[in-house]
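As stored in upload-v6.cif (mmCIF, C-alpha atoms and all ligand atoms):
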```
data_target
#
loop_
_atom_site.label_atom_id
_atom_site.label_comp_id
_atom_site.auth_asym_id
_atom_site.auth_seq_id
_atom_site.Cartn_x
_atom_site.Cartn_y
_atom_site.Cartn_z
CA MET I 135 85.53 160.40 21.96
CA ARG I 136 84.11 163.42 20.14
CA THR I 137 83.18 162.76 16.51
CA ILE I 138 82.73 165.11 13.57
CA ASP I 139 79.02 165.48 14.47
CA SER I 140 80.05 167.29 17.64
CA LEU I 141 81.55 170.12 15.55
CA GLY I 142 78.08 171.25 14.46
CA ASP I 143 77.44 173.08 11.21
CA LEU I 144 80.65 173.21 9.16
CA ASP I 145 79.19 175.01 6.15
CA GLY I 146 81.62 177.74 5.11
CA LYS I 147 84.13 176.80 7.82
CA THR I 148 87.78 175.92 7.30
CA VAL I 149 88.64 172.61 8.93
CA LEU I 150 92.22 171.60 9.62
CA VAL I 151 92.58 167.81 9.26
CA ARG I 152 95.63 165.95 10.55
CA SER I 153 96.21 162.98 8.28
CA ASP I 154 98.87 160.28 8.15
CA PHE I 155 100.35 160.47 4.66
CA ASN I 156 103.52 158.61 5.60
CA VAL I 157 103.49 156.51 2.43
CA PRO I 158 106.39 154.44 1.08
CA LEU I 159 108.23 156.24 -1.75
CA LYS I 160 110.66 154.82 -4.27
CA ASP I 161 112.46 157.34 -6.48
CA GLY I 162 109.73 159.87 -5.74
CA VAL I 163 106.92 157.45 -6.68
CA ILE I 164 104.35 156.27 -4.12
CA THR I 165 104.51 152.46 -3.95
CA ASP I 166 101.48 151.97 -1.67
CA ASP I 167 98.78 154.65 -1.42
CA GLY I 168 96.79 152.81 1.29
CA ARG I 169 97.20 155.61 3.82
CA ILE I 170 95.97 158.25 1.36
CA ARG I 171 92.92 156.14 0.53
CA ALA I 172 92.26 155.65 4.24
CA ALA I 173 92.06 159.44 4.66
CA LEU I 174 89.40 159.95 1.96
CA PRO I 175 86.19 159.29 3.96
CA THR I 176 86.88 162.17 6.37
CA ILE I 177 87.90 164.57 3.62
CA ARG I 178 84.83 163.73 1.52
CA ARG I 179 82.53 164.02 4.49
CA LEU I 180 83.87 167.48 5.37
CA LEU I 181 83.61 168.64 1.74
CA ASP I 182 80.00 167.38 1.62
CA ALA I 183 79.31 169.39 4.77
CA GLY I 184 80.38 172.56 2.92
CA ALA I 185 83.75 172.97 4.60
CA ALA I 186 87.09 174.04 3.16
CA VAL I 187 89.61 171.30 4.00
CA LEU I 188 93.16 172.16 4.97
CA ILE I 189 95.37 169.14 5.66
CA SER I 190 98.52 168.79 7.74
CA ALA I 191 100.50 165.56 7.53
CA HIS I 192 103.93 164.05 7.92
CA LEU I 193 106.10 162.00 5.60
CA GLY I 194 109.27 160.22 6.68
CA ARG I 195 111.76 161.59 9.16
CA PRO I 196 113.20 164.86 7.84
CA GLY I 197 114.35 165.60 11.41
CA GLY I 198 112.78 169.02 11.94
CA LYS I 199 114.43 170.58 8.87
CA VAL I 200 113.15 171.41 5.39
CA ASN I 201 114.22 168.61 3.05
CA PRO I 202 112.75 168.44 -0.46
CA ASP I 203 113.18 164.64 -0.46
CA PHE I 204 110.34 164.52 2.06
CA SER I 205 108.04 167.02 0.35
CA LEU I 206 104.36 166.08 0.28
CA ALA I 207 104.25 166.98 -3.46
CA PRO I 208 103.75 163.35 -4.62
CA VAL I 209 100.98 162.99 -2.03
CA ALA I 210 99.22 166.15 -3.24
CA THR I 211 99.23 164.73 -6.77
CA ARG I 212 97.88 161.33 -5.70
CA LEU I 213 95.28 162.85 -3.39
CA SER I 214 94.08 165.07 -6.21
CA GLU I 215 93.71 162.02 -8.49
CA LEU I 216 91.78 160.07 -5.85
CA LEU I 217 89.47 162.98 -5.00
CA GLY I 218 89.03 164.03 -8.63
CA GLN I 219 89.69 167.68 -7.82
CA PRO I 220 92.72 169.96 -7.48
CA VAL I 221 94.77 169.86 -4.28
CA VAL I 222 96.99 172.90 -3.73
CA LEU I 223 100.23 172.32 -1.80
CA ALA I 224 101.59 175.15 0.34
CA ASP I 225 105.37 175.66 0.21
CA ASP I 226 105.71 175.70 3.98
CA VAL I 227 104.20 174.34 7.19
CA THR I 228 102.55 177.40 8.75
CA GLY I 229 104.46 180.26 7.07
CA ASP I 230 103.50 182.88 4.49
CA SER I 231 102.61 180.34 1.84
CA ALA I 232 100.43 178.32 4.26
CA LYS I 233 98.67 181.52 5.35
CA ALA I 234 98.01 182.59 1.77
CA VAL I 235 96.74 179.12 0.79
CA ALA I 236 94.43 179.00 3.83
CA ALA I 237 93.10 182.48 3.16
CA ASP I 238 92.31 181.64 -0.49
CA LEU I 239 90.68 178.30 0.28
CA LYS I 240 86.93 178.15 -0.53
CA PRO I 241 84.27 175.73 0.71
CA GLY I 242 84.53 172.48 -1.26
CA GLN I 243 88.26 172.97 -1.89
CA VAL I 244 91.20 170.98 -0.49
CA ALA I 245 94.73 172.16 0.27
CA LEU I 246 97.72 170.46 1.80
CA LEU I 247 100.31 172.11 4.03
CA GLU I 248 103.95 171.02 3.75
CA ASN I 249 105.36 168.18 5.85
CA VAL I 250 104.81 169.08 9.51
CA ARG I 251 108.09 167.39 10.38
CA PHE I 252 109.96 170.14 8.52
CA ASP I 253 109.31 172.07 11.75
CA ALA I 254 111.28 170.89 14.79
CA ARG I 255 108.59 172.24 17.13
CA GLU I 256 106.21 169.45 16.04
CA THR I 257 107.99 166.77 18.05
CA SER I 258 109.58 169.02 20.68
CA LYS I 259 109.61 167.76 24.27
CA VAL I 260 109.19 171.39 25.38
CA ASP I 261 105.46 172.06 25.77
CA THR I 262 105.67 175.76 24.90
CA GLU I 263 107.47 175.05 21.62
CA ARG I 264 104.79 172.61 20.52
CA GLN I 265 102.05 174.97 21.67
CA GLU I 266 103.56 177.78 19.58
CA LEU I 267 103.38 175.68 16.41
CA ALA I 268 99.88 174.49 17.34
CA ALA I 269 98.78 178.14 17.69
CA GLU I 270 100.10 178.87 14.18
CA TYR I 271 98.02 175.98 12.85
CA ALA I 272 94.98 177.06 14.84
CA ALA I 273 95.15 180.54 13.28
CA LEU I 274 94.56 178.97 9.85
CA ALA I 275 91.26 177.18 10.63
CA ASP I 276 87.96 177.18 12.53
CA ALA I 277 87.97 173.56 13.68
CA TYR I 278 90.32 170.57 13.96
CA VAL I 279 89.79 166.95 12.98
CA SER I 280 92.31 164.32 14.10
CA ASP I 281 92.49 161.58 11.48
CA GLY I 282 96.12 160.43 11.44
CA PHE I 283 95.71 157.21 13.37
CA GLY I 284 99.40 156.37 12.87
CA VAL I 285 100.36 159.29 15.12
CA VAL I 286 97.66 159.40 17.84
CA HIS I 287 100.07 157.75 20.30
CA ARG I 288 102.35 160.79 19.97
CA LYS I 289 102.12 163.96 22.01
CA GLN I 290 102.90 166.25 19.09
CA ALA I 291 101.83 169.77 18.12
CA SER I 292 99.61 168.80 15.18
CA VAL I 293 98.14 165.80 17.00
CA TYR I 294 97.74 166.82 20.62
CA ASP I 295 98.35 170.51 21.34
CA ILE I 296 96.20 171.77 18.47
CA ALA I 297 93.18 169.91 19.86
CA GLU I 298 93.29 172.18 22.91
CA LEU I 299 93.05 175.32 20.78
CA LEU I 300 90.21 174.63 18.34
CA PRO I 301 86.88 172.79 18.52
CA SER I 302 88.20 169.29 17.87
CA ALA I 303 86.99 165.82 17.00
CA ALA I 304 88.12 162.41 15.76
CA GLY I 305 87.82 161.81 12.02
CA GLU I 306 86.26 158.76 10.38
CA LEU I 307 89.52 156.79 10.26
CA VAL I 308 90.51 157.41 13.87
CA PHE I 309 86.97 156.59 14.98
CA LYS I 310 86.92 153.33 13.01
CA GLU I 311 90.37 152.30 14.26
CA ILE I 312 89.52 152.89 17.92
CA ASP I 313 86.09 151.32 17.56
CA SER I 314 87.51 148.15 15.96
CA LEU I 315 90.65 147.78 18.05
CA SER I 316 88.78 148.34 21.30
CA LYS I 317 86.47 145.45 20.41
CA ALA I 318 89.54 143.25 20.72
CA THR I 319 91.20 145.00 23.65
CA ASP I 320 88.35 146.01 25.97
CA ASN I 321 85.83 143.23 26.12
CA PRO I 322 86.67 140.59 23.53
CA ALA I 323 84.28 137.77 22.67
CA ARG I 324 86.03 134.62 23.88
CA PRO I 325 88.06 132.62 23.19
CA TYR I 326 90.36 135.59 22.52
CA VAL I 327 93.49 134.49 20.68
CA VAL I 328 96.45 136.75 19.96
CA ILE I 329 99.17 135.91 17.48
CA LEU I 330 102.43 137.76 17.90
CA GLY I 331 105.40 137.66 15.59
CA GLY I 332 107.84 140.03 13.95
CA SER I 333 111.50 140.38 14.56
CA LYS I 334 112.12 141.19 18.20
CA VAL I 335 110.68 140.24 21.58
CA SER I 336 111.97 143.50 23.04
CA ASP I 337 109.70 145.52 20.67
CA LYS I 338 106.65 143.82 22.08
CA LEU I 339 107.39 143.20 25.76
CA GLY I 340 104.64 145.54 26.93
CA VAL I 341 102.09 143.87 24.70
CA ILE I 342 103.00 140.39 25.87
CA ALA I 343 102.84 141.43 29.52
CA ASN I 344 99.40 142.99 29.08
CA LEU I 345 97.99 140.08 27.12
CA LEU I 346 99.02 137.59 29.79
CA SER I 347 96.06 138.83 31.82
CA LYS I 348 93.67 139.31 28.88
CA ALA I 349 94.01 136.68 26.17
CA ASP I 350 92.98 133.03 26.37
CA ALA I 351 95.85 131.95 24.14
CA LEU I 352 98.99 133.68 22.96
CA LEU I 353 100.62 132.18 19.85
CA ILE I 354 104.22 133.19 19.29
CA GLY I 355 105.90 133.07 15.88
CA GLY I 356 108.40 135.13 13.92
CA GLY I 357 111.87 136.03 15.09
CA MET I 358 110.71 136.45 18.68
CA ALA I 359 109.79 132.75 18.93
CA TYR I 360 113.45 131.73 19.23
CA THR I 361 113.95 133.63 22.47
CA PHE I 362 110.92 131.73 23.81
CA LEU I 363 112.28 128.40 22.56
CA LYS I 364 115.62 129.18 24.18
CA ALA I 365 113.80 129.98 27.45
CA GLN I 366 112.24 126.51 27.21
CA GLY I 367 115.74 125.07 27.07
CA PHE I 368 116.12 124.45 23.33
CA GLU I 369 119.10 125.49 21.25
CA VAL I 370 118.20 127.79 18.36
CA GLY I 371 121.38 127.77 16.22
CA LYS I 372 121.94 131.04 14.33
CA SER I 373 118.30 132.18 14.74
CA LEU I 374 117.44 135.66 15.98
CA LEU I 375 117.95 135.47 19.74
CA GLU I 376 117.74 138.13 22.41
CA GLU I 377 119.85 136.55 25.10
CA ASP I 378 119.13 139.41 27.51
CA GLN I 379 115.38 138.74 27.31
CA VAL I 380 115.51 135.02 28.12
CA GLU I 381 114.92 135.57 31.84
CA THR I 382 112.02 137.97 31.18
CA VAL I 383 110.49 135.43 28.83
CA LYS I 384 110.82 132.69 31.47
CA GLY I 385 108.86 134.99 33.79
CA TYR I 386 106.16 135.35 31.10
CA MET I 387 105.91 131.60 30.79
CA GLU I 388 105.30 131.30 34.54
CA THR I 389 102.73 134.11 34.54
CA ALA I 390 100.94 132.47 31.63
CA LYS I 391 100.73 129.19 33.54
CA LYS I 392 99.50 130.95 36.68
CA ASN I 393 96.84 132.91 34.76
CA GLY I 394 95.69 129.92 32.75
CA VAL I 395 96.74 131.57 29.47
CA GLU I 396 97.91 129.11 26.84
CA LEU I 397 101.30 130.15 25.52
CA VAL I 398 101.72 128.35 22.21
CA LEU I 399 105.14 128.11 20.56
CA PRO I 400 106.04 126.77 17.11
CA VAL I 401 106.54 123.00 16.99
CA ASP I 402 108.63 123.16 13.83
CA ALA I 403 110.70 125.70 11.91
CA VAL I 404 111.86 126.41 8.39
CA VAL I 405 115.61 126.84 8.66
CA ALA I 406 118.37 127.95 6.31
CA PRO I 407 122.13 128.47 6.60
CA GLU I 408 121.86 132.21 5.93
CA PHE I 409 119.46 135.14 5.70
CA ALA I 410 118.85 135.20 1.95
CA ALA I 411 115.95 134.76 -0.47
CA ASP I 412 117.63 131.84 -2.22
CA ALA I 413 119.04 130.11 0.87
CA PRO I 414 118.17 126.36 0.85
CA ALA I 415 115.20 125.85 3.21
CA THR I 416 114.61 122.75 5.38
CA VAL I 417 111.87 121.93 7.89
CA VAL I 418 113.03 120.72 11.32
CA PRO I 419 111.33 120.17 14.70
CA ALA I 420 111.54 123.35 16.84
CA SER I 421 113.56 121.36 19.37
CA GLU I 422 116.19 120.38 16.79
CA ILE I 423 117.39 123.52 15.06
CA PRO I 424 120.90 122.74 13.79
CA GLU I 425 123.76 124.80 15.18
CA ASP I 426 124.73 126.22 11.78
CA GLN I 427 121.17 127.12 10.65
CA MET I 428 118.70 129.88 11.43
CA GLY I 429 114.92 129.73 11.73
CA LEU I 430 113.35 132.03 9.17
CA ASP I 431 109.72 130.85 9.38
CA ILE I 432 107.43 128.68 11.46
CA GLY I 433 107.06 125.22 9.92
CA PRO I 434 103.95 123.67 8.32
CA ALA I 435 102.85 121.80 11.49
CA SER I 436 103.02 125.10 13.43
CA GLY I 437 101.02 126.81 10.70
CA GLU I 438 98.31 124.16 11.05
CA LEU I 439 98.39 124.37 14.83
CA PHE I 440 98.04 128.17 14.80
CA ALA I 441 95.25 127.97 12.20
CA GLU I 442 93.36 125.56 14.47
CA TYR I 443 93.52 128.04 17.36
CA ILE I 444 92.33 130.79 15.05
CA MET I 445 89.40 128.73 13.75
CA ASN I 446 88.26 127.98 17.32
CA ALA I 447 88.43 131.61 18.51
CA LYS I 448 85.78 134.36 18.57
CA THR I 449 88.23 137.28 18.63
CA ILE I 450 91.69 137.22 17.06
CA ALA I 451 94.32 139.94 17.07
CA TRP I 452 97.45 139.51 14.97
CA ASN I 453 100.62 141.56 15.13
CA GLY I 454 103.88 140.59 13.46
CA PRO I 455 104.69 138.23 10.57
CA MET I 456 105.44 134.56 11.35
CA GLY I 457 108.60 134.56 9.27
CA VAL I 458 110.65 136.50 6.76
CA PHE I 459 107.63 136.79 4.45
CA GLU I 460 109.58 139.13 2.15
CA PHE I 461 111.35 135.97 0.89
CA GLU I 462 108.97 133.54 -0.82
CA ALA I 463 110.52 130.43 0.72
CA PHE I 464 109.83 131.79 4.21
CA ALA I 465 106.36 133.25 3.68
CA ASN I 466 104.28 130.11 4.26
CA GLY I 467 103.83 130.53 8.02
CA THR I 468 102.54 134.08 7.56
CA LYS I 469 100.32 132.82 4.75
CA ALA I 470 98.88 130.05 6.97
CA VAL I 471 97.93 132.57 9.66
CA ALA I 472 96.53 135.08 7.16
CA ALA I 473 94.53 132.35 5.40
CA ALA I 474 92.92 131.24 8.67
CA LEU I 475 92.10 134.85 9.54
CA GLU I 476 90.60 135.29 6.09
CA ALA I 477 88.51 132.13 6.49
CA THR I 478 87.11 132.60 9.99
CA GLU I 479 83.82 134.36 10.66
CA ALA I 480 85.18 135.58 14.00
CA PHE I 481 86.25 139.16 14.73
CA THR I 482 89.75 139.66 13.31
CA VAL I 483 92.09 142.62 13.67
CA VAL I 484 95.53 143.04 12.16
CA GLY I 485 97.95 145.60 13.59
CA GLY I 486 101.56 146.35 12.69
CA GLY I 487 102.91 147.96 9.56
CA ASP I 488 104.64 144.84 8.25
CA SER I 489 101.73 142.53 9.08
CA ALA I 490 99.28 144.76 7.22
CA ALA I 491 101.71 144.97 4.29
CA ALA I 492 102.05 141.16 4.34
CA VAL I 493 98.29 140.72 3.97
CA ARG I 494 98.34 142.91 0.87
CA ILE I 495 101.61 141.71 -0.65
CA LEU I 496 100.72 138.02 -0.19
CA GLY I 497 97.45 138.65 -2.02
CA PHE I 498 94.81 138.16 0.69
CA ASP I 499 91.38 139.74 0.49
CA GLU I 500 91.48 142.68 2.91
CA SER I 501 87.69 142.86 3.01
CA LYS I 502 87.56 139.42 4.69
CA PHE I 503 89.35 140.81 7.75
CA SER I 504 87.25 142.73 10.27
CA HIS I 505 89.88 145.43 10.58
CA ILE I 506 93.39 146.07 9.27
CA SER I 507 94.95 148.90 11.18
CA THR I 508 96.80 151.73 9.44
CA GLY I 509 98.90 152.39 12.55
CA GLY I 510 101.70 150.10 13.71
CA GLY I 511 102.87 151.82 16.89
CA ALA I 512 99.43 153.15 17.80
CA SER I 513 97.72 149.76 17.46
CA LEU I 514 100.51 148.13 19.46
CA GLU I 515 100.06 150.66 22.28
CA LEU I 516 96.33 149.92 22.32
CA LEU I 517 97.11 146.19 22.62
CA GLU I 518 99.43 147.15 25.46
CA GLY I 519 96.47 148.76 27.21
CA LYS I 520 98.03 152.23 27.10
CA THR I 521 96.16 155.54 26.93
CA LEU I 522 97.01 157.37 23.71
CA PRO I 523 97.50 161.15 24.16
CA GLY I 524 95.98 162.00 20.78
CA ILE I 525 92.82 160.09 21.74
CA ALA I 526 92.62 161.19 25.36
CA ILE I 527 92.56 164.83 24.21
CA LEU I 528 89.43 164.09 22.14
CA GLU I 529 87.50 162.66 25.09
CA ASP I 530 84.98 164.83 26.91
P1 LIG D 1 104.99 144.64 12.45
O1 LIG D 1 105.46 145.83 11.65
O2 LIG D 1 103.86 143.92 11.80
O3 LIG D 1 104.73 144.99 13.88
P2 LIG D 1 107.70 143.82 13.00
O4 LIG D 1 108.20 145.14 12.52
O5 LIG D 1 107.79 143.53 14.44
O6 LIG D 1 106.20 143.58 12.49
O7 LIG D 1 108.51 142.65 12.28
C1 LIG D 1 108.46 142.46 10.88
C2 LIG D 1 109.74 141.85 10.39
O8 LIG D 1 110.08 140.67 11.12
C3 LIG D 1 109.63 141.42 8.95
O9 LIG D 1 110.44 142.27 8.17
C4 LIG D 1 110.14 139.98 8.94
O10 LIG D 1 111.04 139.71 7.89
C5 LIG D 1 110.85 139.87 10.27
N1 LIG D 1 110.92 138.49 10.75
C6 LIG D 1 109.90 137.63 10.95
N2 LIG D 1 110.35 136.42 11.32
C7 LIG D 1 111.69 136.49 11.34
C8 LIG D 1 112.73 135.56 11.64
N3 LIG D 1 112.45 134.30 11.99
N4 LIG D 1 114.00 135.99 11.58
C9 LIG D 1 114.28 137.26 11.22
N5 LIG D 1 113.35 138.19 10.93
C10 LIG D 1 112.07 137.81 10.99
MG MG D 2 107.39 146.83 11.51
#
```
What is this file in structure tokens?
Ligand code: ADP
Ligand code: MG
Amino acid sequence: MRTIDSLGDLDGKTVLVRSDFNVPLKDGVITDDGRIRAALPTIRRLLDAGAAVLISAHLGRPGGKVNPDFSLAPVATRLSELLGQPVVLADDVTGDSAKAVAADLKPGQVALLENVRFDARETSKVDTERQELAAEYAALADAYVSDGFGVVHRKQASVYDIAELLPSAAGELVFKEIDSLSKATDNPARPYVVILGGSKVSDKLGVIANLLSKADALLIGGGMAYTFLKAQGFEVGKSLLEEDQVETVKGYMETAKKNGVELVLPVDAVVAPEFAADAPATVVPASEIPEDQMGLDIGPASGELFAEYIMNAKTIAWNGPMGVFEFEAFANGTKAVAAALEATEAFTVVGGGDSAAAVRILGFDESKFSHISTGGGASLELLEGKTLPGIAILED
């Protein structure tokens, strides 16, 4: 993968950086600026090299139309605060305002172009439409740096097509993400343990299938665990169940056995009569979930069991919360896993938007994890063993 070094002398050049500024907003206020912070090393490095930095980014899903609710204005303000220098925001994506902003931009200065998803060509399935938008971007800069890790699994104009038109390289964030995640996916130090959770099995079928030939142990928690328990012949009451995946899951259990991969399911569950923060919680064996209750977390014995696997591993990848961690009564399973990951000296990576958020919200020390990915879908596709278009285009 080409890095910024490969772009040569950037003094006096304008560099277009694709960042992921898809931050959570509440009433126009950024509630978590993690993605903006993650973009700073590349921006600072380019400024230090004497470049003018022009940034394209997306926010939310405006659906290819201009929508002020998805303006990058709050991001420009926050980015300016974090950098300690002004950040101009163009009024449009690649139009007259973008052109004027790019033309005025001096070395050492930073400007942001409006939300790339205001332009339907960004995500078009028609190659020529994407290429047209990419050409408009390319006309604004001398080089391109891909640093929006959250979108590198997408074949989009500002991620993929642009890299064919300008000298291009991976930014610091994309480099760090690929470097860290590939340590887990390519040649992991063993034992290699993967913990999967989250709401649905069907979201993570590809990952499970791939890991059945890679991991030494696969620990299953979260909502997806109930489809596995059902496949083992247990009743799961009102728990999240994907009936149509039970057969697939049975197949996974056989493959695991054949490949000598340990498939570890929860041995107990925290159940409640309804999906609510204040629902009365009880711990039951995983084989005895009452008919009128739903499993909303793995139980304490499962938490200990999973922690033991983590403490005995050399590489651990985690994707998906163990329970409904948003409700305090059902956050303990996720806490048990996060605490073990925090404690171990082994190589630990966390992927998945909600899992990364859980680490922060539940108050764990992010610096004790080897890597917390900024990209949910992209990190999942790497775990699946897929080639990401936005990365492939940066290879020589
Ligand atoms: P990630 O973003 O880390 O990949 P997912 O999006 O797959 O994770 O799943 C996260 C969601 O799964 C959380 O909002 C959590 O509340 C939910 N979840 C976890 N366990 C359960 C459960 N037992 N029942 C219902 N939802 C669950
Ligand atoms: Mg999620």
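Note that CA of Gly509 in chain I and CA of Val395 in chain I are 26.9 Å apart.
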Checklist entry - Expressed in Å to a single decimal, how great is the separation between CA of Ala272 in chain I and CA of Lys259 in chain I? => result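 These atoms are spaced 19.7 Å apart.
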Next on the checklist: Can you work out which residues are within 9 Å of ligand MG 2 (chain D), considering only C-alpha atoms and all ligand atoms, and then hand them over as a list in words?
Outcome noted: Gly332, Ser333, Gly454, Gly486, Gly487, Asp488, Ser489, Gly510 and Gly511 of chain I
Next on the checklist: Using only C-alpha atoms for the distances, tell me which of I:Val370, I:Met445, I:Val244, I:Val279 is nearest to Ser421 in chain I.
Outcome noted: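 Smallest separation from Ser421 in chain I among the options: I:Val370.
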Cut-off 12 Å around (91.4, 160.1, 21.1) with all atoms listed in the file: residues as a PDB file with C-alpha atoms, keeping the file's coordinate frame:
```pdb
ATOM      1  CA  MET I 135      85.530 160.400  21.960  1.00  0.00           C
ATOM      2  CA  ARG I 136      84.110 163.420  20.140  1.00  0.00           C
ATOM      3  CA  THR I 137      83.180 162.760  16.510  1.00  0.00           C
ATOM      4  CA  VAL I 279      89.790 166.950  12.980  1.00  0.00           C
ATOM      5  CA  SER I 280      92.310 164.320  14.100  1.00  0.00           C
ATOM      6  CA  ASP I 281      92.490 161.580  11.480  1.00  0.00           C
ATOM      7  CA  GLY I 282      96.120 160.430  11.440  1.00  0.00           C
ATOM      8  CA  PHE I 283      95.710 157.210  13.370  1.00  0.00           C
ATOM      9  CA  VAL I 285     100.360 159.290  15.120  1.00  0.00           C
ATOM     10  CA  VAL I 286      97.660 159.400  17.840  1.00  0.00           C
ATOM     11  CA  HIS I 287     100.070 157.750  20.300  1.00  0.00           C
ATOM     12  CA  ARG I 288     102.350 160.790  19.970  1.00  0.00           C
ATOM     13  CA  LYS I 289     102.120 163.960  22.010  1.00  0.00           C
ATOM     14  CA  VAL I 293      98.140 165.800  17.000  1.00  0.00           C
ATOM     15  CA  TYR I 294      97.740 166.820  20.620  1.00  0.00           C
ATOM     16  CA  ALA I 297      93.180 169.910  19.860  1.00  0.00           C
ATOM     17  CA  SER I 302      88.200 169.290  17.870  1.00  0.00           C
ATOM     18  CA  ALA I 303      86.990 165.820  17.000  1.00  0.00           C
ATOM     19  CA  ALA I 304      88.120 162.410  15.760  1.00  0.00           C
ATOM     20  CA  GLY I 305      87.820 161.810  12.020  1.00  0.00           C
ATOM     21  CA  GLU I 306      86.260 158.760  10.380  1.00  0.00           C
ATOM     22  CA  LEU I 307      89.520 156.790  10.260  1.00  0.00           C
ATOM     23  CA  VAL I 308      90.510 157.410  13.870  1.00  0.00           C
ATOM     24  CA  PHE I 309      86.970 156.590  14.980  1.00  0.00           C
ATOM     25  CA  LYS I 310      86.920 153.330  13.010  1.00  0.00           C
ATOM     26  CA  GLU I 311      90.370 152.300  14.260  1.00  0.00           C
ATOM     27  CA  ILE I 312      89.520 152.890  17.920  1.00  0.00           C
ATOM     28  CA  ASP I 313      86.090 151.320  17.560  1.00  0.00           C
ATOM     29  CA  ALA I 512      99.430 153.150  17.800  1.00  0.00           C
ATOM     30  CA  LEU I 516      96.330 149.920  22.320  1.00  0.00           C
ATOM     31  CA  LYS I 520      98.030 152.230  27.100  1.00  0.00           C
ATOM     32  CA  THR I 521      96.160 155.540  26.930  1.00  0.00           C
ATOM     33  CA  LEU I 522      97.010 157.370  23.710  1.00  0.00           C
ATOM     34  CA  PRO I 523      97.500 161.150  24.160  1.00  0.00           C
ATOM     35  CA  GLY I 524      95.980 162.000  20.780  1.00  0.00           C
ATOM     36  CA  ILE I 525      92.820 160.090  21.740  1.00  0.00           C
ATOM     37  CA  ALA I 526      92.620 161.190  25.360  1.00  0.00           C
ATOM     38  CA  ILE I 527      92.560 164.830  24.210  1.00  0.00           C
ATOM     39  CA  LEU I 528      89.430 164.090  22.140  1.00  0.00           C
ATOM     40  CA  GLU I 529      87.500 162.660  25.090  1.00  0.00           C
ATOM     41  CA  ASP I 530      84.980 164.830  26.910  1.00  0.00           C
TER      42      ASP I 530
END
```
Checklist entry - Please, what distance in Å, to one decimal, runs between CA of Glu425 in chain I and CA of Met358 in chain I? => result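 A separation of 17.8 Å between them.
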Next on the checklist: Calculated over only C-alpha atoms, which of the candidates I:Ala365, I:Leu397, I:Leu475, I:Ala277 has the smallest distance to Leu345 in chain I?
Outcome noted: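 Of I:Ala365, I:Leu397, I:Leu475, I:Ala277, the one nearest Leu345 in chain I, counting only C-alpha atoms, is I:Leu397.
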Checklist outcome for this item: Using all atoms listed in the file, the shortest atom-to-atom distance to Arg171 in chain I among I:Leu150, I:Val209, I:Ala232, I:Val383 belongs to I:Val209
Checklist entry - What lies within 8 Å of range 199-201 of chain I using all atoms listed in the file, ignoring chain neighbours under 5 positions off, as a VMD selection string? => result chain I and resid 251 to 254
Checklist entry - Taking all atoms listed in the file into account, which of I:Ile423, I:Leu517, I:Ala413, I:Leu180 comes nearest Asp320 in chain I? => result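 Closest residue, counting all atoms listed in the file: I:Leu517.
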